[in-house]
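Q: Sharing run_31.cif below, mmCIF, C-alpha atoms:
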data_coords
#
loop_
_atom_site.label_atom_id
_atom_site.label_comp_id
_atom_site.auth_asym_id
_atom_site.auth_seq_id
_atom_site.Cartn_x
_atom_site.Cartn_y
_atom_site.Cartn_z
CA MET F 12 0.00 0.00 0.00
CA ILE F 13 1.30 3.45 -0.85
CA LYS F 14 1.50 5.69 2.17
CA THR F 15 -0.59 8.78 1.64
CA LEU F 16 0.55 11.93 3.37
CA SER F 17 -2.71 13.58 4.18
CA THR F 18 -2.32 16.78 6.14
CA GLU F 19 -5.18 16.17 8.53
CA ASP F 20 -4.50 14.13 11.64
CA THR F 21 -0.83 13.40 11.23
CA LEU F 22 1.91 13.81 13.77
CA GLU F 23 4.22 16.76 13.66
CA ASN F 24 7.52 14.93 14.31
CA ALA F 25 9.01 18.26 15.30
CA GLY F 26 12.00 16.61 16.97
CA LEU F 27 13.36 15.32 13.68
CA THR F 28 15.45 17.10 11.10
CA ASP F 29 14.06 17.63 7.59
CA GLU F 30 16.05 14.72 6.26
CA GLU F 31 14.87 12.38 9.02
CA GLN F 32 11.27 13.41 8.53
CA GLN F 33 11.35 11.61 5.20
CA LEU F 34 12.46 8.41 6.89
CA PHE F 35 9.83 8.07 9.61
CA SER F 36 6.10 7.66 9.47
CA ASN F 37 3.97 10.46 10.81
CA ALA F 38 0.76 8.46 11.09
CA ARG F 39 -1.14 8.30 14.33
CA PRO F 40 -1.52 4.98 16.13
CA LYS F 41 -4.83 3.22 15.70
CA ALA F 42 -6.99 1.71 18.39
CA TYR F 43 -7.58 -2.02 18.43
CA GLU F 44 -11.06 -3.08 17.43
CA PRO F 45 -12.25 -6.41 18.80
CA TYR F 46 -13.64 -9.08 16.51
CA PRO F 47 -17.37 -8.55 15.89
CA ILE F 48 -18.21 -12.06 17.07
CA LYS F 49 -17.74 -12.36 20.82
CA ALA F 50 -16.77 -16.01 20.77
CA VAL F 51 -13.94 -15.26 18.35
CA GLU F 52 -12.72 -12.40 20.50
CA ASP F 53 -12.85 -14.61 23.59
CA PHE F 54 -10.86 -17.26 21.79
CA ALA F 55 -8.31 -14.64 20.73
CA ASN F 56 -8.03 -13.40 24.30
CA TRP F 57 -7.52 -16.94 25.55
CA ALA F 58 -4.72 -17.39 23.04
CA ARG F 59 -3.14 -14.06 23.98
CA ALA F 60 -3.26 -14.90 27.67
CA ASN F 61 -1.39 -18.13 27.09
CA SER F 62 1.54 -16.70 25.18
CA LEU F 63 2.89 -13.82 27.19
CA TRP F 64 6.25 -12.90 25.76
CA ILE F 65 8.23 -10.56 27.95
CA LEU F 66 10.51 -7.94 26.48
CA ALA F 67 14.01 -8.56 27.80
CA PHE F 68 14.64 -4.97 28.79
CA GLY F 69 15.71 -4.50 32.38
CA THR F 70 14.65 -0.99 33.21
CA GLY F 71 15.55 -0.79 36.88
CA CYS F 72 16.60 -2.79 39.88
CA GLY F 73 13.48 -4.96 39.52
CA ALA F 74 14.95 -6.51 36.40
CA ILE F 75 16.96 -8.74 38.73
CA GLU F 76 13.71 -10.50 39.67
CA LEU F 77 13.05 -11.48 36.07
CA ARG F 78 16.11 -13.75 35.88
CA PRO F 79 15.04 -16.30 38.51
CA LEU F 80 11.58 -16.27 36.94
CA MET F 81 12.94 -18.23 34.01
CA THR F 82 15.01 -20.68 36.02
CA ALA F 83 13.96 -24.12 37.21
CA ARG F 84 12.78 -22.92 40.59
CA PHE F 85 10.01 -20.62 39.35
CA ASP F 86 9.85 -21.79 35.74
CA ALA F 87 7.59 -19.19 34.18
CA ASN F 88 7.57 -21.18 30.96
CA ARG F 89 4.81 -23.40 32.35
CA PHE F 90 2.48 -20.37 32.14
CA GLY F 91 3.43 -19.67 28.55
CA VAL F 92 5.74 -16.86 29.61
CA ALA F 93 8.95 -16.47 27.66
CA GLY F 94 11.57 -13.80 27.19
CA ARG F 95 12.02 -12.22 23.80
CA PRO F 96 14.98 -10.12 22.71
CA THR F 97 13.22 -7.47 20.64
CA PRO F 98 10.17 -5.27 21.12
CA ARG F 99 8.73 -6.45 17.81
CA GLN F 100 8.25 -9.96 19.12
CA SER F 101 7.10 -9.29 22.66
CA SER F 102 3.74 -8.52 24.16
CA VAL F 103 4.46 -7.80 27.83
CA PHE F 104 6.64 -4.97 29.04
CA ILE F 105 7.66 -5.26 32.68
CA ILE F 106 8.80 -1.92 34.08
CA GLY F 107 11.30 -3.16 36.65
CA GLY F 108 11.14 -0.46 39.28
CA TYR F 109 12.37 3.11 38.97
CA ALA F 110 12.66 4.71 35.57
CA SER F 111 15.12 7.51 35.09
CA VAL F 112 14.38 10.11 32.45
CA LYS F 113 17.04 8.69 30.17
CA THR F 114 15.52 5.21 30.51
CA LEU F 115 11.99 6.53 30.11
CA LYS F 116 12.88 7.69 26.62
CA ARG F 117 14.01 4.16 25.72
CA ILE F 118 10.95 2.68 27.42
CA ILE F 119 8.62 4.80 25.31
CA ARG F 120 10.55 3.96 22.19
CA SER F 121 10.42 0.23 22.92
CA TYR F 122 6.79 0.28 23.99
CA GLU F 123 5.67 2.00 20.82
CA GLN F 124 7.61 -0.46 18.70
CA MET F 125 5.83 -3.39 20.30
CA GLN F 126 3.00 -4.75 18.23
CA GLY F 127 -0.44 -5.03 19.70
CA PRO F 128 -1.90 -6.54 21.75
CA LYS F 129 0.58 -5.32 24.33
CA PHE F 130 0.47 -5.08 28.08
CA VAL F 131 2.48 -3.19 30.68
CA ILE F 132 3.21 -4.46 34.17
CA ALA F 133 4.66 -1.95 36.62
CA LEU F 134 6.82 -3.77 39.11
CA GLY F 135 7.68 -2.31 42.50
CA ILE F 136 6.59 0.84 44.28
CA CYS F 137 8.68 3.29 42.24
CA PRO F 138 6.36 3.49 39.20
CA VAL F 139 3.43 4.15 41.55
CA ASN F 140 4.67 7.18 43.45
CA GLY F 141 8.43 7.34 43.18
CA GLY F 142 9.15 5.00 46.07
CA MET F 143 12.46 5.68 47.74
CA TYR F 144 13.41 7.91 44.81
CA PHE F 145 10.47 10.28 45.36
CA ASP F 146 12.79 13.30 45.63
CA SER F 147 15.32 12.30 43.00
CA TYR F 148 16.18 14.76 40.26
CA ASN F 149 16.39 12.02 37.66
CA THR F 150 13.67 9.43 38.27
CA ILE F 151 10.04 9.97 37.39
CA ASN F 152 7.43 9.65 40.13
CA ILE F 153 4.14 8.68 38.50
CA PHE F 154 4.69 6.22 35.70
CA ASP F 155 1.15 6.05 34.36
CA GLN F 156 1.34 9.67 33.29
CA TYR F 157 3.70 8.55 30.54
CA LEU F 158 2.49 5.10 29.55
CA PRO F 159 -0.70 3.20 30.41
CA VAL F 160 -0.23 0.48 33.02
CA ASP F 161 -2.34 -2.68 32.96
CA LEU F 162 -1.22 -4.20 36.23
CA TYR F 163 0.72 -3.02 39.25
CA ILE F 164 2.78 -5.32 41.43
CA THR F 165 3.98 -3.22 44.34
CA GLY F 166 6.61 -3.89 46.93
CA CYS F 167 10.27 -3.12 47.22
CA MET F 168 11.34 -5.47 45.79
CA PRO F 169 8.56 -7.94 44.94
CA ARG F 170 9.80 -11.51 45.04
CA PRO F 171 9.51 -13.73 41.95
CA GLU F 172 6.55 -15.51 43.56
CA VAL F 173 4.63 -12.25 43.51
CA LEU F 174 5.65 -11.73 39.93
CA VAL F 175 4.24 -15.14 39.06
CA ALA F 176 1.02 -14.26 40.88
CA GLY F 177 0.93 -10.98 38.98
CA LEU F 178 1.36 -12.74 35.65
CA LEU F 179 -1.51 -15.07 36.52
CA GLU F 180 -3.62 -12.05 37.41
CA LEU F 181 -2.68 -10.47 34.09
CA LYS F 182 -3.74 -13.63 32.28
CA LYS F 183 -7.08 -13.49 34.06
CA LYS F 184 -7.54 -9.86 33.07
CA ILE F 185 -6.66 -10.58 29.46
CA ARG F 186 -9.09 -13.50 29.27
CA GLU F 187 -11.83 -11.24 30.59
CA GLY F 188 -10.86 -8.63 27.98
CA ARG F 189 -10.10 -5.94 30.56
CA CYS F 190 -6.51 -5.11 29.50
CA ASP F 191 -7.16 -2.02 27.39
CA GLY F 192 -3.92 -0.15 28.15
CA ALA F 193 -2.83 0.09 24.53
CA ASN F 194 -6.23 1.48 23.55
CA ARG F 195 -6.11 4.04 26.36
CA TYR F 196 -2.74 5.11 25.01
CA VAL F 197 -4.18 5.67 21.57
CA GLU F 198 -7.29 7.46 22.81
CA ASN F 199 -5.38 9.83 25.10
CA PHE F 200 -2.36 9.99 22.85
CA ASP F 201 -1.94 13.77 22.99
CA TRP F 202 -2.15 13.83 26.76
CA TYR F 203 0.47 11.11 27.13
CA LYS F 204 2.71 12.74 24.56
CA ALA F 205 2.49 16.12 26.28
CA ASN F 206 3.46 14.52 29.61
CA GLN F 207 6.35 12.68 28.00
CA LYS F 208 7.67 15.81 26.35
CA LYS F 209 7.40 17.69 29.63
CA VAL F 210 10.15 15.56 31.17
CA ILE F 211 12.15 14.48 28.10
CA LYS F 212 13.74 17.69 26.97
CA ASN F 213 15.87 16.38 24.12
CA TRP F 214 13.10 14.85 22.05
CA ASP F 215 14.97 13.71 18.93
CA MET F 216 12.80 10.79 17.86
CA PRO F 217 9.51 10.51 15.98
CA ASP F 218 6.35 11.29 17.94
CA TYR F 219 5.24 7.72 17.46
CA ASN F 220 7.87 5.04 16.87
CA TRP F 221 6.17 2.76 14.42
CA MET Q 28 56.44 5.52 52.70
CA ASN Q 29 57.58 8.15 55.22
CA GLU Q 30 60.51 9.26 53.08
CA MET Q 31 58.16 9.60 50.18
CA LEU Q 32 55.75 11.74 52.17
CA GLU Q 33 58.61 13.90 53.43
CA ARG Q 34 59.81 14.37 49.87
CA LEU Q 35 56.31 15.30 48.76
CA GLU Q 36 56.04 17.77 51.63
CA ARG Q 37 59.31 19.35 50.58
CA ASN Q 38 58.76 19.44 46.84
CA PHE Q 39 55.04 20.01 46.36
CA ALA Q 40 53.98 21.98 49.46
CA VAL Q 41 51.74 19.10 50.47
CA THR Q 42 49.77 19.73 53.68
CA GLY Q 43 47.55 17.77 56.01
CA ILE Q 44 49.10 14.32 55.69
CA THR Q 45 46.89 11.98 57.72
CA GLU Q 46 46.95 8.22 57.99
CA ARG Q 47 43.27 7.26 58.13
CA ARG Q 48 43.99 3.57 58.61
CA PRO Q 49 46.93 1.34 57.71
CA GLY Q 50 47.17 1.52 53.96
CA LEU Q 51 45.10 4.67 53.45
CA THR Q 52 46.72 8.08 53.66
CA THR Q 53 45.16 11.38 52.72
CA LEU Q 54 46.97 14.55 51.81
CA THR Q 55 46.02 17.97 50.51
CA VAL Q 56 47.80 19.79 47.74
CA GLY Q 57 47.37 23.12 45.99
CA LYS Q 58 45.48 23.31 42.73
CA ASP Q 59 48.50 24.24 40.59
CA ALA Q 60 50.79 21.52 41.93
CA ALA Q 61 48.18 18.76 41.80
CA GLU Q 62 48.74 17.50 38.27
CA ILE Q 63 52.54 17.42 38.67
CA LEU Q 64 52.19 15.65 42.02
CA ILE Q 65 49.91 12.98 40.59
CA ARG Q 66 52.19 12.49 37.62
CA ASP Q 67 55.14 12.14 39.99
CA LEU Q 68 53.27 9.61 42.13
CA ARG Q 69 52.40 7.57 39.09
CA ASP Q 70 55.82 7.62 37.42
CA ARG Q 71 58.21 7.53 40.38
CA GLU Q 72 56.36 6.09 43.36
CA GLY Q 73 54.41 3.32 41.68
CA TYR Q 74 50.89 4.61 42.23
CA THR Q 75 49.88 3.29 38.85
CA HIS Q 76 46.19 2.72 39.46
CA LEU Q 77 43.56 5.46 39.54
CA ASN Q 78 40.70 4.16 41.69
CA PHE Q 79 38.37 7.06 41.11
CA ILE Q 80 37.98 10.81 41.05
CA THR Q 81 35.17 12.32 43.05
CA CYS Q 82 34.12 15.65 44.42
CA ILE Q 83 32.81 16.95 47.75
CA ASP Q 84 30.80 20.15 47.86
CA TYR Q 85 31.68 22.32 50.90
CA ILE Q 86 29.17 25.04 50.15
CA GLU Q 87 29.75 26.77 53.51
CA GLU Q 88 33.41 27.32 52.70
CA GLY Q 89 32.78 28.01 49.04
CA ILE Q 90 34.99 25.21 47.77
CA PHE Q 91 34.82 21.90 45.96
CA THR Q 92 37.24 19.27 47.19
CA LEU Q 93 38.34 16.96 44.41
CA VAL Q 94 39.54 13.57 45.61
CA TYR Q 95 41.94 11.54 43.49
CA MET Q 96 42.28 8.02 44.88
CA LEU Q 97 45.52 6.34 43.78
CA HIS Q 98 46.66 2.81 44.47
CA ASN Q 99 50.07 1.20 44.56
CA TYR Q 100 50.00 -2.49 43.66
CA ASP Q 101 53.48 -3.22 45.03
CA SER Q 102 53.10 -1.75 48.50
CA LYS Q 103 49.29 -2.19 48.55
CA ASP Q 104 48.96 1.44 49.64
CA THR Q 105 46.15 3.77 48.79
CA LEU Q 106 46.79 7.47 48.63
CA SER Q 107 44.01 9.97 48.48
CA VAL Q 108 44.99 13.33 47.04
CA HIS Q 109 42.64 16.18 47.98
CA VAL Q 110 42.58 19.34 45.92
CA ASP Q 111 40.49 22.37 46.91
CA ILE Q 112 39.12 24.50 44.10
CA GLY Q 113 36.78 27.48 44.20
CA ARG Q 114 33.08 26.87 43.60
CA GLU Q 115 32.67 29.86 41.30
CA ASN Q 116 33.74 29.01 37.74
CA ALA Q 117 35.24 25.81 39.06
CA GLU Q 118 38.07 24.61 36.85
CA MET Q 119 40.73 21.98 37.24
CA THR Q 120 43.62 20.62 35.19
CA SER Q 121 42.57 17.54 33.28
CA ILE Q 122 44.50 14.33 33.99
CA HIS Q 123 43.17 12.33 31.06
CA THR Q 124 46.72 12.33 29.67
CA LEU Q 125 47.82 10.28 32.70
CA TRP Q 126 44.96 7.77 32.71
CA ALA Q 127 42.66 7.55 29.73
CA GLN Q 128 39.76 6.47 31.93
CA ALA Q 129 39.94 9.73 33.84
CA TRP Q 130 37.93 11.52 31.18
CA THR Q 131 34.83 9.52 32.07
CA TYR Q 132 35.08 10.71 35.66
CA GLN Q 133 35.73 14.24 34.49
CA ARG Q 134 32.75 14.14 32.19
CA GLU Q 135 30.61 13.03 35.12
CA LEU Q 136 32.00 15.75 37.39
CA HIS Q 137 31.32 18.30 34.69
CA GLU Q 138 27.73 17.17 34.42
CA MET Q 139 26.98 16.70 38.12
CA TYR Q 140 28.95 19.63 39.59
CA GLY Q 141 29.67 21.92 36.67
CA ILE Q 142 33.45 21.67 37.02
CA ASN Q 143 35.34 22.48 33.86
CA PHE Q 144 38.32 20.39 32.75
CA PRO Q 145 39.86 22.16 29.75
CA GLY Q 146 41.00 19.72 27.08
CA SER Q 147 39.16 16.69 28.45
CA PRO Q 148 37.49 14.78 25.60
CA ARG Q 149 33.70 14.82 25.07
CA LEU Q 150 33.22 16.98 28.15
CA GLU Q 151 30.14 18.81 26.92
CA GLU Q 152 28.33 15.67 25.82
CA ASP Q 153 25.35 14.47 27.88
CA PHE Q 154 26.23 11.57 30.13
CA CYS Q 155 23.40 10.55 32.48
CA LEU Q 156 21.24 13.62 32.26
CA GLU Q 157 19.99 13.98 28.72
CA GLY Q 158 18.61 17.38 27.95
CA TRP Q 159 19.30 18.77 31.43
CA ASP Q 160 18.27 22.42 31.69
CA GLN Q 161 18.90 23.24 35.36
CA ILE Q 162 22.00 23.90 37.45
CA PRO Q 163 24.11 20.76 37.95
CA PRO Q 164 22.10 18.58 40.33
CA MET Q 165 24.80 17.48 42.76
CA ARG Q 166 25.59 21.06 43.73
CA ARG Q 167 24.12 21.51 47.16
CA GLU Q 168 22.19 24.67 46.30
CA PHE Q 169 20.04 22.58 43.95
CA ASP Q 170 16.77 21.69 45.68
CA THR Q 171 16.15 18.23 44.33
CA LYS Q 172 12.82 17.62 46.13
CA LYS Q 173 11.33 20.86 44.87
CA PHE Q 174 12.51 20.12 41.36
CA SER Q 175 11.16 16.57 41.51
CA GLU Q 176 7.72 17.73 42.61
CA GLU Q 177 7.55 20.43 39.95
CA ARG Q 178 8.81 18.29 37.09
CA PHE Q 179 7.63 14.78 37.96
CA GLY Q 180 4.56 15.47 40.05
CA HIS Q 181 3.44 14.08 43.36
CA ARG Q 182 0.87 11.36 43.87
CA GLU Q 183 -1.56 12.00 46.70
CA GLY Q 184 -1.72 9.43 49.45
CA ARG Q 185 1.97 9.12 50.08
CA HIS Q 186 3.09 9.76 53.63
CA SER Q 187 6.39 9.31 55.41
CA GLU Q 188 7.20 8.31 58.96
CA VAL Q 189 10.31 9.17 60.93
CA PRO Q 190 11.63 5.60 61.35
CA ARG Q 191 12.75 6.16 64.95
CA ASP Q 192 9.38 7.48 66.16
CA HIS Q 193 7.44 4.97 64.12
CA MET Q 194 9.33 1.96 65.47
CA LYS Q 195 8.94 3.21 69.05
CA VAL Q 196 5.17 3.08 68.63
CA GLU Q 197 5.49 -0.31 66.98
CA PHE Q 198 7.67 -1.76 69.74
CA TYR Q 199 6.06 -0.11 72.80
CA PRO Q 200 2.38 0.34 71.92
CA ASN Q 201 1.20 0.13 75.55
CA ARG Q 202 3.42 2.97 76.66
CA GLY Q 203 2.41 5.28 73.83
CA GLY Q 204 5.77 4.90 72.22
CA ASP Q 205 7.69 5.74 75.40
CA GLU Q 206 10.95 3.85 75.51
CA GLU Q 207 11.66 4.22 79.24
#
What would you get if you wrote out this structure as structure tokens?

A:
Amino acid sequence: MIKTLSTEDTLENAGLTDEEQQLFSNARPKAYEPYPIKAVEDFANWARANSLWILAFGTGCGAIELRPLMTARFDANRFGVAGRPTPRQSSVFIIGGYASVKTLKRIIRSYEQMQGPKFVIALGICPVNGGMYFDSYNTINIFDQYLPVDLYITGCMPRPEVLVAGLLELKKKIREGRCDGANRYVENFDWYKANQKKVIKNWDMPDYNW
Amino acid sequence: MNEMLERLERNFAVTGITERRPGLTTLTVGKDAAEILIRDLRDREGYTHLNFITCIDYIEEGIFTLVYMLHNYDSKDTLSVHVDIGRENAEMTSIHTLWAQAWTYQRELHEMYGINFPGSPRLEEDFCLEGWDQIPPMRREFDTKKFSEERFGHREGRHSEVPRDHMKVEFYPNRGGDEE
């Protein structure tokens, strides 16, 4: 399909140079529409819930809890959970604790590159209200201002058992069709983008990383 | 060791030689003599390893104290060289010609404290703080809590306890938190 550059409802991509603007898409993200037949949608949700592929991106100290998750003791593979090396292949993004501004930029970039359906789990207390870094000059305090969160697992640090419980809870939510984080992101895209640009001062990437 | 320190005292106007513990000695040297002293320690005395460079902000006295931690593998001695520089337009001789890894530390000090190291490579490049638009955050006049609340927001419902008072109530509930 030839990409049409209609002027209405495209992204500005103001952070890019003229040359780079030719290289990146300026289309807005689209919301996911469920299948018209409910049984088909339920079946799709069941399938999604049973193949949760985690993006191998350790974003904070909580990333250390993801390693034992895959080992024999906790063995997350029995729930259909696996680690994937690239955002394009993964469907679950676990925010492992605090996110510094520099990391937040990479988190946004990776999250937007993930293909739907995609889910975000915020691990630890730091994404909720800053945790022990509430007064830090470099870590954000309220994570869901920047990206939609489907499930919170609080604690400092949550043990892998809790993470397993959280993944089971996420599966339950997906099967019930209640994980609409990606759609919330699309619907409130301008609000999220304004919040992101408020903290990330050197915005030199496209407004939406397709 | 003692002859070396005496020689340093004589040649470089080194002051405040203190042995903190066996194997760790601190000394203070003037800003202009610092680079020559460190070069001398590396080339003649065997302090071939640079552990780290760090900085202490004495805002009350208006100085930054740079700390160069040097290690001697033969005698297993650590020597900490303190250099006081003024806080206003803080500038220090770069030692990246002595140890190539020093420029990473100097880049960090430039970003966190605003100290200038003329000639140090990639000094102006962002290191941890991308797109930082405030005064360097590790300077003590920077109010990090105020900045955090303005920039990153504050979620309602958070409250803090003073751990000492809180644990008293936890441990001695019948006495209203009275320890005696």

Q: If the PyMOL selection byres ((chain F) within 6 of (chain Q)) were run on this exact file, what residues would it hold? Put them as an MDAnalysis selection string.

A: chainID F and resid 140 146 148 151:152 212:213

Q: Carefully work through the PyMOL selection byres ((chain F and resi 120) around 10) for this structure and note down the residues it includes, as a ChimeraX atom specification.

A: /F:98,114-119,121-125,216-221

Q: Name every residue that the PyMOL selection byres ((chain F and resi 185-199) around 8) selects in this structure, writing the answer as a JSON list (two decimals) with C-alpha atoms, in the coordinates of the input with chains first and numbers rising.

A:
[["chain", "number", "residue", "atom", "x", "y", "z"],
["F", 40, "PRO", "CA", -1.52, 4.98, 16.13],
["F", 41, "LYS", "CA", -4.83, 3.22, 15.70],
["F", 42, "ALA", "CA", -6.99, 1.71, 18.39],
["F", 43, "TYR", "CA", -7.58, -2.02, 18.43],
["F", 53, "ASP", "CA", -12.85, -14.61, 23.59],
["F", 56, "ASN", "CA", -8.03, -13.40, 24.30],
["F", 57, "TRP", "CA", -7.52, -16.94, 25.55],
["F", 59, "ARG", "CA", -3.14, -14.06, 23.98],
["F", 60, "ALA", "CA", -3.26, -14.90, 27.67],
["F", 127, "GLY", "CA", -0.44, -5.03, 19.70],
["F", 128, "PRO", "CA", -1.90, -6.54, 21.75],
["F", 129, "LYS", "CA", 0.58, -5.32, 24.33],
["F", 130, "PHE", "CA", 0.47, -5.08, 28.08],
["F", 131, "VAL", "CA", 2.48, -3.19, 30.68],
["F", 158, "LEU", "CA", 2.49, 5.10, 29.55],
["F", 159, "PRO", "CA", -0.70, 3.20, 30.41],
["F", 160, "VAL", "CA", -0.23, 0.48, 33.02],
["F", 161, "ASP", "CA", -2.34, -2.68, 32.96],
["F", 181, "LEU", "CA", -2.68, -10.47, 34.09],
["F", 182, "LYS", "CA", -3.74, -13.63, 32.28],
["F", 183, "LYS", "CA", -7.08, -13.49, 34.06],
["F", 184, "LYS", "CA", -7.54, -9.86, 33.07],
["F", 200, "PHE", "CA", -2.36, 9.99, 22.85],
["F", 201, "ASP", "CA", -1.94, 13.77, 22.99],
["F", 202, "TRP", "CA", -2.15, 13.83, 26.76],
["F", 203, "TYR", "CA", 0.47, 11.11, 27.13]]

Q: Which residue, F:Cys167, F:Leu27, F:Leu162, F:Val51, has the smallest gap to Glu76 (chain F) when you use all atoms listed in the file?

A: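 Selected residue with least distance to Glu76 (chain F): F:Cys167.
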
Q: Taking 5 positions as the minimum chain separation for residues in the same chain, which residues sit within 12 Å of Arg71 (chain Q) when counting all atoms listed in the file? Answer as a list in words.

A: Met31, Arg34, Leu35, Ile63, Leu64, Ile65, Arg66 and Asn99 of chain Q

Q: One number please: CA of Glu135 (chain Q) to CA of Ile112 (chain Q), in Å, one decimal.

A: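 So the answer is 16.9 Å.
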
Q: Set the distance at 12 Å and use only C-alpha atoms: which residues neighbour Glu87 (chain Q) once local chain neighbours fewer than 6 positions away are removed? I'd like the list as a PyMOL selection string.

A: chain Q and resi 113-114+167-168

Q: If you measure from CA of Gln128 (chain Q) to CA of Leu77 (chain Q), what distance in Å do you get, rounded to one decimal?

A: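 CA of Leu77 (chain Q) lies 8.6 Å from CA of Gln128 (chain Q).
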
Q: So, counting only C-alpha atoms, which residue among F:Leu179, F:Val92, F:Ile132, F:Met143 is closest to Tyr163 (chain F)?

A: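 Checking each of F:Leu179, F:Val92, F:Ile132, F:Met143 against Tyr163 (chain F), counting only C-alpha atoms, the winner is F:Ile132.
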